[in-house]
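**Student:** Following this message is one structure expressed as structure tokens.
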Number of protein chains: 4
Amino acid sequence: MTESVARRPEIAQCGAIALGTPKLETSLTFFRDTLGMEEVERVGDTVYLRGYQEMKHHSLVLFASETPIVDSYSFRVKRPEDVELFYNELLAQEVEVVELPAGQQAGRGTAIRFVVPHAGHSFELYYDIDAPQAPEEISSKLLSNSSRRRGLGVRRIDHYNIQTAPDNVGKAEGWLREALGFKRREYVYVPENDFLIASWTSVTSQVHDLAIAMSLTNQNAQLHHVAFNLENHSDLIVAADTLRDHDVHFHCGPGKHGIGQAMYLYLEEPGSGHRIELYSGNYHIFDPDWNALGWTPTNPDGMTWFGQELDVSQDGSMSSSTDSVSSLTPLIGQPQPVGQA
Amino acid sequence: MTESVARRPEIAQCGAIALGTPKLETSLTFFRDTLGMEEVERVGDTVYLRGYQEMKHHSLVLFASETPIVDSYSFRVKRPEDVELFYNELLAQEVEVVELPAGQQAGRGTAIRFVVPHAGHSFELYYDIDAPQAPEEISSKLLSNSSRRRGLGVRRIDHYNIQTAPDNVGKAEGWLREALGFKRREYVYVPENDFLIASWTSVTSQVHDLAIAMSLTNQNAQLHHVAFNLENHSDLIVAADTLRDHDVHFHCGPGKHGIGQAMYLYLEEPGSGHRIELYSGNYHIFDPDWNALGWTPTNPDGMTWFGQELDVSQDGSMSSSTDSVSSLTPLIGQPQPVGQA
Amino acid sequence: MTESVARRPEIAQCGAIALGTPKLETSLTFFRDTLGMEEVERVGDTVYLRGYQEMKHHSLVLFASETPIVDSYSFRVKRPEDVELFYNELLAQEVEVVELPAGQQAGRGTAIRFVVPHAGHSFELYYDIDAPQAPEEISSKLLSNSSRRRGLGVRRIDHYNIQTAPDNVGKAEGWLREALGFKRREYVYVPENDFLIASWTSVTSQVHDLAIAMSLTNQNAQLHHVAFNLENHSDLIVAADTLRDHDVHFHCGPGKHGIGQAMYLYLEEPGSGHRIELYSGNYHIFDPDWNALGWTPTNPDGMTWFGQELDVSQDGSMSSSTDSVSSLTPLIGQPQPVGQA
Amino acid sequence: MTESVARRPEIAQCGAIALGTPKLETSLTFFRDTLGMEEVERVGDTVYLRGYQEMKHHSLVLFASETPIVDSYSFRVKRPEDVELFYNELLAQEVEVVELPAGQQAGRGTAIRFVVPHAGHSFELYYDIDAPQAPEEISSKLLSNSSRRRGLGVRRIDHYNIQTAPDNVGKAEGWLREALGFKRREYVYVPENDFLIASWTSVTSQVHDLAIAMSLTNQNAQLHHVAFNLENHSDLIVAADTLRDHDVHFHCGPGKHGIGQAMYLYLEEPGSGHRIELYSGNYHIFDPDWNALGWTPTNPDGMTWFGQELDVSQDGSMSSSTDSVSSLTPLIGQPQPVGQA
């Protein structure tokens with residue numbers, strides 16, 4: 001009636017990105033008051049936020065930092081035992097991995113941390129995380145909201161887009177698929193030599209939870225952007241209107257990607273300079289036998305279906321990115337001096 | 001590094017609903033020309049349609065019938081072997097099940113058919129299905145579209161909502177969860193006696209692929225509605241505007257459910273009288289440990305968050321429904337006379 | 001080359017409504033913080049607000065009052081001399097009229113005040129009004145905005161809807177057209193006896209700046225609602241979503257009127273109980289020879305094209321309304337005690 | 001009670017643009033089937049169309065022509081006698097003007113035609129025009145619609161944007177204001193020498209019924225674009241999505257102008273090459289004392305508030321335009337050979 005198989009650990013979803021910012025209060029004001037995220041907890045110079053449809057403790061960590069840097073990209077695994085199963089698999093592959101104690105990020109249980117081979121980004125995996133109630137003054141009557149819709153209506157984190165040196169994209173993406181189970185959904189490649197330029201991968205029905213693309217400046221461990229989800233295209237248009245009047249610098253958009261069929265607005269987060277994407281729409285993949293869709297660089301429809309074109313030249317508005325930490329030691333969650341937290 | 005488990009078969013997604021209609025051409029015109037679905041294939045008095053973002057052969061089967069009837073609700077399974085694994089599991093549970101040959105629904109491989117215990121609806125499970133290309137005149141330049149967006153923009157089937165006698169809801173829903181793997185996401189119940197009134201369940205990140213609720217007329221094997229997905233709330237508003245001017249009878253809407261946080265428009269399909277829902281929005285569940293959200297009937301927010309209220313009284317506009325076939329013998333796909341198809 | 005005609009004074013646009021509220025701070029919070037209007041000036045217990053696309057001093061006056069009452073509906077005239085021309089015309093018709101000194105409403109020049117015959121509402125006409133700049137912290141980079149878009153995006157006042165006793169509607173509407181120049185755009189009437197139930201009239205390209213309808217409770221001098229304008233239907237949907245979660249009581253909507261082709265959301269202002277409409281869409285009339293469109297009560301399309309139906313029964317959610325002052329003496333703008341303002 | 005003034009004739013609204021097209025059937029398919037306009041009448045190789053909210057006979061004339069050319073921009077005047085009053089005023093100014101007989105454009109009464117001084121465009125003025133009913137199969141239940149909403153939802157013509165040689169802009173715009181009564185609403189100018197680059201003018205509450213700007217190629221009598229109105233920003237996004245998949249070439253957009261606060265999509269009409277704008281939003285001016293808003297070329301917010309930037313360089317995508325006829329003899333409406341019409 002059933003067959004017996006060896007079960008491998010699985011990633012369930014994006015967890016949280018930890019962004020270092022030289023201007024913590026400016027960044028916090030942007031995410032909390034303008035975008036409408038909830039400040040769930042503050043520990044010293046580290047602030048934890050989530051969108052109004054996120055039940056868990058946080059999907060964004062902001063911490064004070066001299067330079068804009070990404071400390072970690074975290075993912076939640078599917079079952080409690082998957083943290084340890086992944087730990088063992090990584091060790092077996094001779095990927096260095098450390099265990100982070102519960103509370104290293106506030107509200108979170110034990111996690112593991114490692115650096116993605118060929119890419120250089122620090123990833124963290126965990127299962128346990130608190131699901132705190134929002135304070136009364138922003139509580140929602142909708143059971144599926146953790147708080148009321150506010151500000152520009154960011155409801156959850158959507159995906160990470162990371163960059164590595166051109167020669168590493170294919171190797172890193174292959175590793176992400178084989179070791180972590182990300183499925184390739186759409187990709188851009190050079191047909192002549194099968195060279196992979198960018199790949200959109202997911203563990204959910206989203207077209208991407210994680211995209212990886214080549215760095216035009218030939219660097220590993222780069223953030224291209226982290227995206228937050230809005231409910232409708234019209235929310236993105238209102239966000240553009242509002243942010244433009246707040247003097248927020250736009251890198252590109254609004255427009256619509258052919259890849260993913262989602263609308264985008266790329267902007268420079270005013271406190272840190274990290275590139276943030278506001279993102280709406282996109283189709284969902286429920287087909288279990290989805291064939292990854294391949295685009296060539298000569299077909300402009302994939303990147304820009306309509307709207308302001310992504311300038312992906314080396315000096316263009318979309319080429320810059322911020323560095324990610326490549327280290328087993330996180331920058332946040334260090335023991336606090338007595339009495340501080 | 002991995003653990004060994006017995007793997008059970010899994011359902012991947014909604015497949016297709018097969019609707020009998022007394023006025024085939026009227027129904028076809030509605031779904032194809034007004035809603036914008038593609039007529040993929042016609043075999044005698046049976047027509048196969050899909051939305052513009054569906055790659056597979058069909059998600060809707062319309063067939064000529066004296067009365068409006070639902071022949072089957074089908075689902076696609078996750079892996080080729082899951083059809084047989086489910087067949088064996090059902091037999092072991094003493095649920096009658098038959099095998100339908102490839103082509104019984106055009107474009108589809110071997111399927112199995114059974115009647116849902118306590119509910120009476122005929123379900124079909126399959127894996128293999130063709131993925132035909134749309135004809136040039138409606139082809140899309142977007143690789144993730146099977147055809148161009150047309151009409152009111154129906155992009156895919158969304159979910160089924162079925163009804164059974166009040167005393168059977170709890171039993172049927174329990175069976176769907178245990179035997180087929182649907183996960184309860186939200187539900188309405190009477191807290192005093194833990195009586196289940198309705199449940200929204202899914203195998204995907206959707207809040208529901210399949211909802212089951214009690215029939216006010218105390219009948220099993222009822223269709224409450226089948227829903228088709230639109231991209232944005234604004235598409236639903238335009239659809240309401242347009243359909244109203246086509247003299248389509250609305251049962252309810254537009255409005256927004258608290259449950260699922262989606263916008264709805266319930267209407268009477270002009271050829272058959274089946275209730276169709278146009279549906280946009282809804283949140284996605286990526287949390288692996290989602291706790292089903294329980295609503296009580298005294299809390300109106302769940303059913304109607306805003307907009308026209310669902311009239312769920314026995315004689316109300318939302319109580320009527322059409323019958324589903326409760327039989328192992330499908331009404332469609334019979335052998336065609338030589339030369340007809 | 002030109003012909004010589006006697007020029008009559010003309011009304012240019014809606015000015016401001018002055019609403020008395022038993023809970024001034026609650027009302028102010030609602031209009032300013034939730035709807036996003038600007039608090040331009042406060043004089044004692046009277047607060048002046050405007051939408052983000054209104055250049056002039058105010059379109060809404062809130063004043064502390066024991067009961068919810070409308071002190072006045074004001075309109076701006078087309079030319080400076082039209083205030084006096086209207087004054088003379090009213091006197092010649094033996095309509096009582098008084099002059100209000102500059103500053104009686106803050107920021108406003110000389111106005112005249114009279115009670116509308118057959119209706120009982122106190123109207124005020126003026127031309128001069130300040131156009132103050134918004135403070136830096138909410139200023140807009142768009143020259144056509146007085147401040148940045150904020151909150152739910154109320155950009156301007158849209159129209160007044162007033163009620164009088166059934167027998168008076170025809171007479172009052174006739175007077176408004178003849179004496180004040182309002183043009184009838186759409187109307188509901190009983191064809192058998194040509195009885196006027198409601199009329200939508202304007203001096204601009206809007207379908208209505210002023211609507212008048214019969215009171216189901218047979219009272220003169222009633223406010224049915226005052227409407228504020230949002231840019232898009234999608235803004236109205238977001239407003240409904242947000243306000244519902246703030247426990248604001250909805251009288252009706254969202255839905256779309258056939259008359260005017262606009263979307264509506266009627267709600268009870270939480271501080272005062274006055275009915276407020278949020279309003280988006282509507283067509284504009286540029287045809288100089290527009291024929292008023294007549295609807296009969298048996299045609300439901302006019303009032304409710306789609307969405308929640310207006311309940312216009314005597315006890316229904318849409319029948320209640322608040323009283324308007326019928327007096328030549330305004331309730332606001334009295335001399336302030338020394339040192340208060 | 002009233003004062004005696006000399007009344008001058010007034011323009012009420014945009015009437016129709018007459019576009020010559022080398023591919024009449026392609027152009028007709030585009031406007032009728034894709035954009036959703038109604039083909040009201042066809043006389044030989046001339047076709048008359050209107051939007052679904054236009055009551056009058058036509059707002060667009062398509063006629064077969066070897067080259068893409070604009071035959072005329074017409075406007076409707078406010079009163080029947082204004083046609084003759086304008087005729088007399090133009091004669092008095094020594095502007096050549098001819099009378100066109102009723103029926104020269106189908107459905108239209110007597111018109112006058114002249115060439116705009118300093119600009120070179122042929123303008124026509126008329127009052128009488130038929131208001132035919134749409135055929136049953138597209139009729140609307142809404143009294144304010146001439147037909148049902150169809151296609152991408154073009155509801156009416158919105159405005160003309162014309163170009164003339166740089167040195168002529170100021171002179172032509174001054175003439176349009178003084179002779180025809182257009183009011184300046186917003187403008188772009190060089191502050192150093194008060195040089196007028198572009199001006200948005202209207203006779204209605206719209207920010208512009210007619211814009212005039214300098215030609216980068218130093219030519220008079222150029223069309224920059226003609227705009228058609230959509231109800232919501234979301235309609236424009238859907239239009240972009242759909243048209244992109246029809247291989248319609250976009251010149252620019254979607255995006256939002258600071259000037260007018262409207263969303264734009266500029267495209268090349270596939271049959272003729274004329275530039276068409278789809279246009280949604282914009283604020284309305286009801287203030288009788290509106291001060292024209294002046295922008296400088298160094299402030300990019302006016303032209304592009306967000307979205308794809310207008311490329312107004314000489315070789316840019318937005319610099320090209322099509323020629324307008326500068327002649328008192330229209331190209332259409334000539335006597336038809338016997339038996340043709």
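By order in the structure tokens, chains are A, B, ...; within a chain, residues start at 1; ligands start at 1, following the order shown.
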Tell me as a list in words which residues belonging to chain B come within 8 Å of chain D, counting only C-alpha atoms.
**Tutor:**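 Interface list for chain B against chain D: Ser140, Lys141, Leu142, Arg148, Arg149, Arg150, Gly151, Ser234, Thr242 and Asp245 of chain B.
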**Student:** Hey, can you spit out that residue selection with all heavy atoms as a PDB file, in the first residue's frame?
**Tutor:**
```
ATOM      1  N   SER B 140       0.907  32.996 -26.376  1.00  0.00           N
ATOM      2  CA  SER B 140       1.498  34.052 -25.567  1.00  0.00           C
ATOM      3  C   SER B 140       3.010  34.055 -25.715  1.00  0.00           C
ATOM      4  O   SER B 140       3.631  33.009 -25.913  1.00  0.00           O
ATOM      5  CB  SER B 140       1.144  33.840 -24.095  1.00  0.00           C
ATOM      6  OG  SER B 140       1.815  34.770 -23.271  1.00  0.00           O
ATOM      7  N   LYS B 141       3.615  35.211 -25.573  1.00  0.00           N
ATOM      8  CA  LYS B 141       5.067  35.301 -25.551  1.00  0.00           C
ATOM      9  C   LYS B 141       5.644  34.992 -24.170  1.00  0.00           C
ATOM     10  O   LYS B 141       6.850  34.868 -24.020  1.00  0.00           O
ATOM     11  CB  LYS B 141       5.510  36.701 -25.993  1.00  0.00           C
ATOM     12  CG  LYS B 141       5.050  37.034 -27.413  1.00  0.00           C
ATOM     13  CD  LYS B 141       5.756  38.240 -27.974  1.00  0.00           C
ATOM     14  CE  LYS B 141       5.315  39.491 -27.280  1.00  0.00           C
ATOM     15  NZ  LYS B 141       5.972  40.700 -27.831  1.00  0.00           N
ATOM     16  N   LEU B 142       4.771  34.872 -23.197  1.00  0.00           N
ATOM     17  CA  LEU B 142       5.217  34.524 -21.851  1.00  0.00           C
ATOM     18  C   LEU B 142       5.280  33.013 -21.724  1.00  0.00           C
ATOM     19  O   LEU B 142       4.276  32.321 -21.928  1.00  0.00           O
ATOM     20  CB  LEU B 142       4.257  35.102 -20.810  1.00  0.00           C
ATOM     21  CG  LEU B 142       4.303  36.618 -20.674  1.00  0.00           C
ATOM     22  CD1 LEU B 142       3.166  37.128 -19.807  1.00  0.00           C
ATOM     23  CD2 LEU B 142       5.645  37.066 -20.092  1.00  0.00           C
ATOM     24  N   ARG B 148      -2.637  33.569 -24.387  1.00  0.00           N
ATOM     25  CA  ARG B 148      -2.696  34.976 -23.989  1.00  0.00           C
ATOM     26  C   ARG B 148      -3.855  35.220 -23.032  1.00  0.00           C
ATOM     27  O   ARG B 148      -4.905  34.593 -23.162  1.00  0.00           O
ATOM     28  CB  ARG B 148      -2.972  35.845 -25.233  1.00  0.00           C
ATOM     29  CG  ARG B 148      -1.791  36.265 -25.980  1.00  0.00           C
ATOM     30  CD  ARG B 148      -2.129  37.543 -26.727  1.00  0.00           C
ATOM     31  NE  ARG B 148      -3.118  37.331 -27.774  1.00  0.00           N
ATOM     32  CZ  ARG B 148      -2.828  37.031 -29.013  1.00  0.00           C
ATOM     33  NH1 ARG B 148      -1.572  36.855 -29.394  1.00  0.00           N
ATOM     34  NH2 ARG B 148      -3.785  36.903 -29.903  1.00  0.00           N
ATOM     35  N   ARG B 149      -3.708  36.144 -22.153  1.00  0.00           N
ATOM     36  CA  ARG B 149      -4.830  36.581 -21.323  1.00  0.00           C
ATOM     37  C   ARG B 149      -5.919  37.153 -22.216  1.00  0.00           C
ATOM     38  O   ARG B 149      -5.651  37.978 -23.088  1.00  0.00           O
ATOM     39  CB  ARG B 149      -4.340  37.654 -20.348  1.00  0.00           C
ATOM     40  CG  ARG B 149      -5.448  38.194 -19.467  1.00  0.00           C
ATOM     41  CD  ARG B 149      -4.984  39.319 -18.568  1.00  0.00           C
ATOM     42  NE  ARG B 149      -6.144  39.955 -17.971  1.00  0.00           N
ATOM     43  CZ  ARG B 149      -6.228  40.342 -16.700  1.00  0.00           C
ATOM     44  NH1 ARG B 149      -5.201  40.210 -15.911  1.00  0.00           N
ATOM     45  NH2 ARG B 149      -7.324  40.890 -16.237  1.00  0.00           N
ATOM     46  N   ARG B 150      -7.143  36.683 -21.993  1.00  0.00           N
ATOM     47  CA  ARG B 150      -8.283  37.136 -22.807  1.00  0.00           C
ATOM     48  C   ARG B 150      -9.528  37.240 -21.928  1.00  0.00           C
ATOM     49  O   ARG B 150      -9.561  36.741 -20.812  1.00  0.00           O
ATOM     50  CB  ARG B 150      -8.554  36.125 -23.942  1.00  0.00           C
ATOM     51  CG  ARG B 150      -7.353  35.889 -24.847  1.00  0.00           C
ATOM     52  CD  ARG B 150      -7.586  34.854 -25.938  1.00  0.00           C
ATOM     53  NE  ARG B 150      -8.191  33.612 -25.507  1.00  0.00           N
ATOM     54  CZ  ARG B 150      -7.580  32.658 -24.778  1.00  0.00           C
ATOM     55  NH1 ARG B 150      -6.328  32.818 -24.375  1.00  0.00           N
ATOM     56  NH2 ARG B 150      -8.221  31.562 -24.446  1.00  0.00           N
ATOM     57  N   GLY B 151     -10.571  37.861 -22.485  1.00  0.00           N
ATOM     58  CA  GLY B 151     -11.853  37.973 -21.786  1.00  0.00           C
ATOM     59  C   GLY B 151     -11.677  38.574 -20.397  1.00  0.00           C
ATOM     60  O   GLY B 151     -10.935  39.540 -20.225  1.00  0.00           O
ATOM     61  N   SER B 234      -8.933  43.961  -8.602  1.00  0.00           N
ATOM     62  CA  SER B 234      -9.481  44.850  -9.634  1.00  0.00           C
ATOM     63  C   SER B 234     -10.042  44.065 -10.809  1.00  0.00           C
ATOM     64  O   SER B 234     -10.985  44.512 -11.469  1.00  0.00           O
ATOM     65  CB  SER B 234      -8.410  45.843 -10.115  1.00  0.00           C
ATOM     66  OG  SER B 234      -7.229  45.163 -10.486  1.00  0.00           O
ATOM     67  N   THR B 242     -18.808  43.819 -15.905  1.00  0.00           N
ATOM     68  CA  THR B 242     -19.076  43.291 -17.242  1.00  0.00           C
ATOM     69  C   THR B 242     -20.189  42.255 -17.214  1.00  0.00           C
ATOM     70  O   THR B 242     -21.111  42.286 -18.041  1.00  0.00           O
ATOM     71  CB  THR B 242     -17.783  42.653 -17.797  1.00  0.00           C
ATOM     72  OG1 THR B 242     -16.756  43.643 -17.781  1.00  0.00           O
ATOM     73  CG2 THR B 242     -17.982  42.142 -19.210  1.00  0.00           C
ATOM     74  N   ASP B 245     -23.709  43.439 -16.883  1.00  0.00           N
ATOM     75  CA  ASP B 245     -24.282  44.004 -18.108  1.00  0.00           C
ATOM     76  C   ASP B 245     -24.581  42.920 -19.149  1.00  0.00           C
ATOM     77  O   ASP B 245     -25.202  43.199 -20.177  1.00  0.00           O
ATOM     78  CB  ASP B 245     -23.326  45.067 -18.683  1.00  0.00           C
ATOM     79  CG  ASP B 245     -24.071  46.304 -19.170  1.00  0.00           C
ATOM     80  OD1 ASP B 245     -25.305  46.270 -19.239  1.00  0.00           O
ATOM     81  OD2 ASP B 245     -23.403  47.318 -19.466  1.00  0.00           O
TER      82      ASP B 245
END
```
**Student:** Find the residues near range 206-214 of chain D: any atom within 8 Å, counting only C-alpha atoms, skip ones fewer than 2 places away on the same chain, and give them as a ChimeraX atom specification.
**Tutor:** /D:13-14,158-169,173,185-186,197-204,216,218,260,282-285
**Student:** Write the residues of the selection above to a file with C-alpha atoms, as a PDB file, in the first residue's frame.
**Tutor:**
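Saved file out_7.pdb follows:
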```pdb
ATOM      1  CA  GLN D  13     -15.066  69.539 -25.035  1.00  0.00           C
ATOM      2  CA  CYS D  14     -12.906  67.490 -27.359  1.00  0.00           C
ATOM      3  CA  ASP D 158      -9.440  62.182 -23.375  1.00  0.00           C
ATOM      4  CA  HIS D 159      -7.185  64.799 -24.972  1.00  0.00           C
ATOM      5  CA  TYR D 160      -4.951  65.841 -27.893  1.00  0.00           C
ATOM      6  CA  ASN D 161      -1.244  66.568 -27.550  1.00  0.00           C
ATOM      7  CA  ILE D 162       0.135  68.546 -30.498  1.00  0.00           C
ATOM      8  CA  GLN D 163       3.567  69.880 -31.379  1.00  0.00           C
ATOM      9  CA  THR D 164       4.927  72.860 -33.193  1.00  0.00           C
ATOM     10  CA  ALA D 165       8.387  74.323 -33.792  1.00  0.00           C
ATOM     11  CA  PRO D 166      10.052  75.506 -30.562  1.00  0.00           C
ATOM     12  CA  ASP D 167       9.800  79.193 -31.399  1.00  0.00           C
ATOM     13  CA  ASN D 168       6.092  78.869 -32.032  1.00  0.00           C
ATOM     14  CA  VAL D 169       4.940  77.163 -28.849  1.00  0.00           C
ATOM     15  CA  GLU D 173      -0.469  78.570 -26.965  1.00  0.00           C
ATOM     16  CA  ARG D 185      -3.299  74.441 -16.149  1.00  0.00           C
ATOM     17  CA  GLU D 186       0.308  73.246 -15.953  1.00  0.00           C
ATOM     18  CA  ILE D 197       8.356  74.359 -23.759  1.00  0.00           C
ATOM     19  CA  ALA D 198       4.951  72.761 -23.240  1.00  0.00           C
ATOM     20  CA  SER D 199       1.561  73.720 -21.901  1.00  0.00           C
ATOM     21  CA  TRP D 200      -1.422  71.682 -20.700  1.00  0.00           C
ATOM     22  CA  THR D 201      -4.675  73.536 -21.307  1.00  0.00           C
ATOM     23  CA  SER D 202      -8.342  72.807 -20.902  1.00  0.00           C
ATOM     24  CA  VAL D 203     -11.855  74.111 -21.213  1.00  0.00           C
ATOM     25  CA  THR D 204     -13.165  71.444 -18.837  1.00  0.00           C
ATOM     26  CA  LEU D 216      12.313  68.381 -31.311  1.00  0.00           C
ATOM     27  CA  ASN D 218      11.543  71.768 -35.458  1.00  0.00           C
ATOM     28  CA  GLY D 260      -1.821  65.802 -14.240  1.00  0.00           C
ATOM     29  CA  ASN D 282      -5.691  62.605 -13.264  1.00  0.00           C
ATOM     30  CA  TYR D 283      -7.117  65.117 -10.878  1.00  0.00           C
ATOM     31  CA  HIS D 284      -9.911  67.514 -11.751  1.00  0.00           C
ATOM     32  CA  ILE D 285      -9.760  71.261 -11.413  1.00  0.00           C
TER      33      ILE D 285
END
```
**Student:** Just the number, please: distance in Å from CA of Val248 in chain C to CA of Tyr52 in chain C, one decimal.
**Tutor:** 22.4 Å
**Student:** How many Å lie between CA of Tyr126 in chain D and CA of Pro22 in chain D, rounded to one decimal?
**Tutor:**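 CA of Pro22 in chain D lies at a distance of 27.4 Å from CA of Tyr126 in chain D.
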**Student:** If you measure from CA of Phe63 in chain C to CA of Asp33 in chain A, what distance in Å do you get, rounded to one decimal?
**Tutor:**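 If I compute the distance from CA of Phe63 in chain C to CA of Asp33 in chain A, I get 29.7 Å.
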**Student:** Skip Gly294 in chain C itself and residues of its chain fewer than 4 positions away, then list as a PyMOL selection string all residues within 7 Å of it, counting only C-alpha atoms.
**Tutor:** chain C and resi 186-189
**Student:** Using DSSP on the backbone, list every residue of range 126-280 of chain A that comes out as alpha helix (DSSP H), and give them as a PyMOL selection string.
**Tutor:** chain A and resi 169-180+233-245
**Student:** Near Leu60 in chain D, counting only C-alpha atoms, which residues have an atom at most 7 Å away, once you skip same-chain residues fewer than 3 positions from it, shown as an mmCIF file with N, CA and C atoms, in the first residue's frame?
**Tutor:**
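This is the output file around22.cif:
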```cif
data_model
loop_
_atom_site.group_PDB
_atom_site.id
_atom_site.type_symbol
_atom_site.label_atom_id
_atom_site.label_comp_id
_atom_site.auth_asym_id
_atom_site.auth_seq_id
_atom_site.Cartn_x
_atom_site.Cartn_y
_atom_site.Cartn_z
ATOM 1 N N ALA D 16 -13.593 64.935 -31.910
ATOM 2 C CA ALA D 16 -13.063 63.712 -32.525
ATOM 3 C C ALA D 16 -11.762 64.022 -33.238
ATOM 4 N N ILE D 17 -10.904 63.043 -33.316
ATOM 5 C CA ILE D 17 -9.713 63.154 -34.146
ATOM 6 C C ILE D 17 -9.923 62.290 -35.376
ATOM 7 N N ALA D 18 -9.460 62.795 -36.516
ATOM 8 C CA ALA D 18 -9.597 62.048 -37.773
ATOM 9 C C ALA D 18 -8.213 61.589 -38.211
ATOM 10 N N TYR D 48 -16.336 55.446 -38.339
ATOM 11 C CA TYR D 48 -16.593 56.305 -37.185
ATOM 12 C C TYR D 48 -16.755 55.458 -35.935
ATOM 13 N N LEU D 49 -16.014 55.806 -34.870
ATOM 14 C CA LEU D 49 -16.048 55.018 -33.629
ATOM 15 C C LEU D 49 -16.254 55.906 -32.414
ATOM 16 N N ARG D 50 -16.704 55.277 -31.321
ATOM 17 C CA ARG D 50 -16.830 55.988 -30.051
ATOM 18 C C ARG D 50 -16.577 55.012 -28.902
#
```
**Student:** Please identify which residues in range 126-168 of chain D DSSP calls strand (DSSP E or B) from the backbone, and express them as a PDB file with N, CA and C atoms, in the first residue's frame.
**Tutor:**
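Below is the file that was written, selection-v4.pdb:
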```pdb
ATOM      1  N   TYR D 126     -17.891  72.407 -34.035  1.00  0.00           N
ATOM      2  CA  TYR D 126     -19.279  72.078 -34.412  1.00  0.00           C
ATOM      3  C   TYR D 126     -20.103  72.000 -33.138  1.00  0.00           C
ATOM      4  N   ILE D 129     -24.594  67.097 -33.416  1.00  0.00           N
ATOM      5  CA  ILE D 129     -24.084  65.759 -33.712  1.00  0.00           C
ATOM      6  C   ILE D 129     -25.111  64.749 -33.209  1.00  0.00           C
ATOM      7  N   ARG D 156     -13.785  56.810 -23.450  1.00  0.00           N
ATOM      8  CA  ARG D 156     -13.964  58.057 -24.199  1.00  0.00           C
ATOM      9  C   ARG D 156     -12.621  58.576 -24.643  1.00  0.00           C
ATOM     10  N   ILE D 157     -12.668  59.515 -25.580  1.00  0.00           N
ATOM     11  CA  ILE D 157     -11.470  60.261 -25.927  1.00  0.00           C
ATOM     12  C   ILE D 157     -11.114  61.096 -24.707  1.00  0.00           C
ATOM     13  N   ASP D 158      -9.824  61.360 -24.509  1.00  0.00           N
ATOM     14  CA  ASP D 158      -9.440  62.182 -23.375  1.00  0.00           C
ATOM     15  C   ASP D 158      -8.858  63.531 -23.791  1.00  0.00           C
ATOM     16  N   HIS D 159      -7.795  63.513 -24.594  1.00  0.00           N
ATOM     17  CA  HIS D 159      -7.185  64.799 -24.972  1.00  0.00           C
ATOM     18  C   HIS D 159      -6.297  64.644 -26.202  1.00  0.00           C
ATOM     19  N   TYR D 160      -5.921  65.785 -26.790  1.00  0.00           N
ATOM     20  CA  TYR D 160      -4.951  65.841 -27.893  1.00  0.00           C
ATOM     21  C   TYR D 160      -3.654  66.436 -27.359  1.00  0.00           C
ATOM     22  N   ASN D 161      -2.535  65.944 -27.855  1.00  0.00           N
ATOM     23  CA  ASN D 161      -1.244  66.568 -27.550  1.00  0.00           C
ATOM     24  C   ASN D 161      -0.567  66.849 -28.889  1.00  0.00           C
ATOM     25  N   ILE D 162      -0.389  68.142 -29.183  1.00  0.00           N
ATOM     26  CA  ILE D 162       0.135  68.546 -30.498  1.00  0.00           C
ATOM     27  C   ILE D 162       1.489  69.242 -30.337  1.00  0.00           C
ATOM     28  N   GLN D 163       2.236  69.253 -31.419  1.00  0.00           N
ATOM     29  CA  GLN D 163       3.567  69.880 -31.379  1.00  0.00           C
ATOM     30  C   GLN D 163       3.746  70.899 -32.494  1.00  0.00           C
ATOM     31  N   THR D 164       4.557  71.881 -32.182  1.00  0.00           N
ATOM     32  CA  THR D 164       4.927  72.860 -33.193  1.00  0.00           C
ATOM     33  C   THR D 164       6.404  73.216 -32.978  1.00  0.00           C
TER      34      THR D 164
END
```
**Student:** Near Tyr279 in chain C, within 6 Å and counting only C-alpha atoms, which residues show up once chain neighbours fewer than 6 positions away are dropped, as a list in words?
**Tutor:** Phe228, Asn229, Leu230, Met263 and Tyr264 of chain C
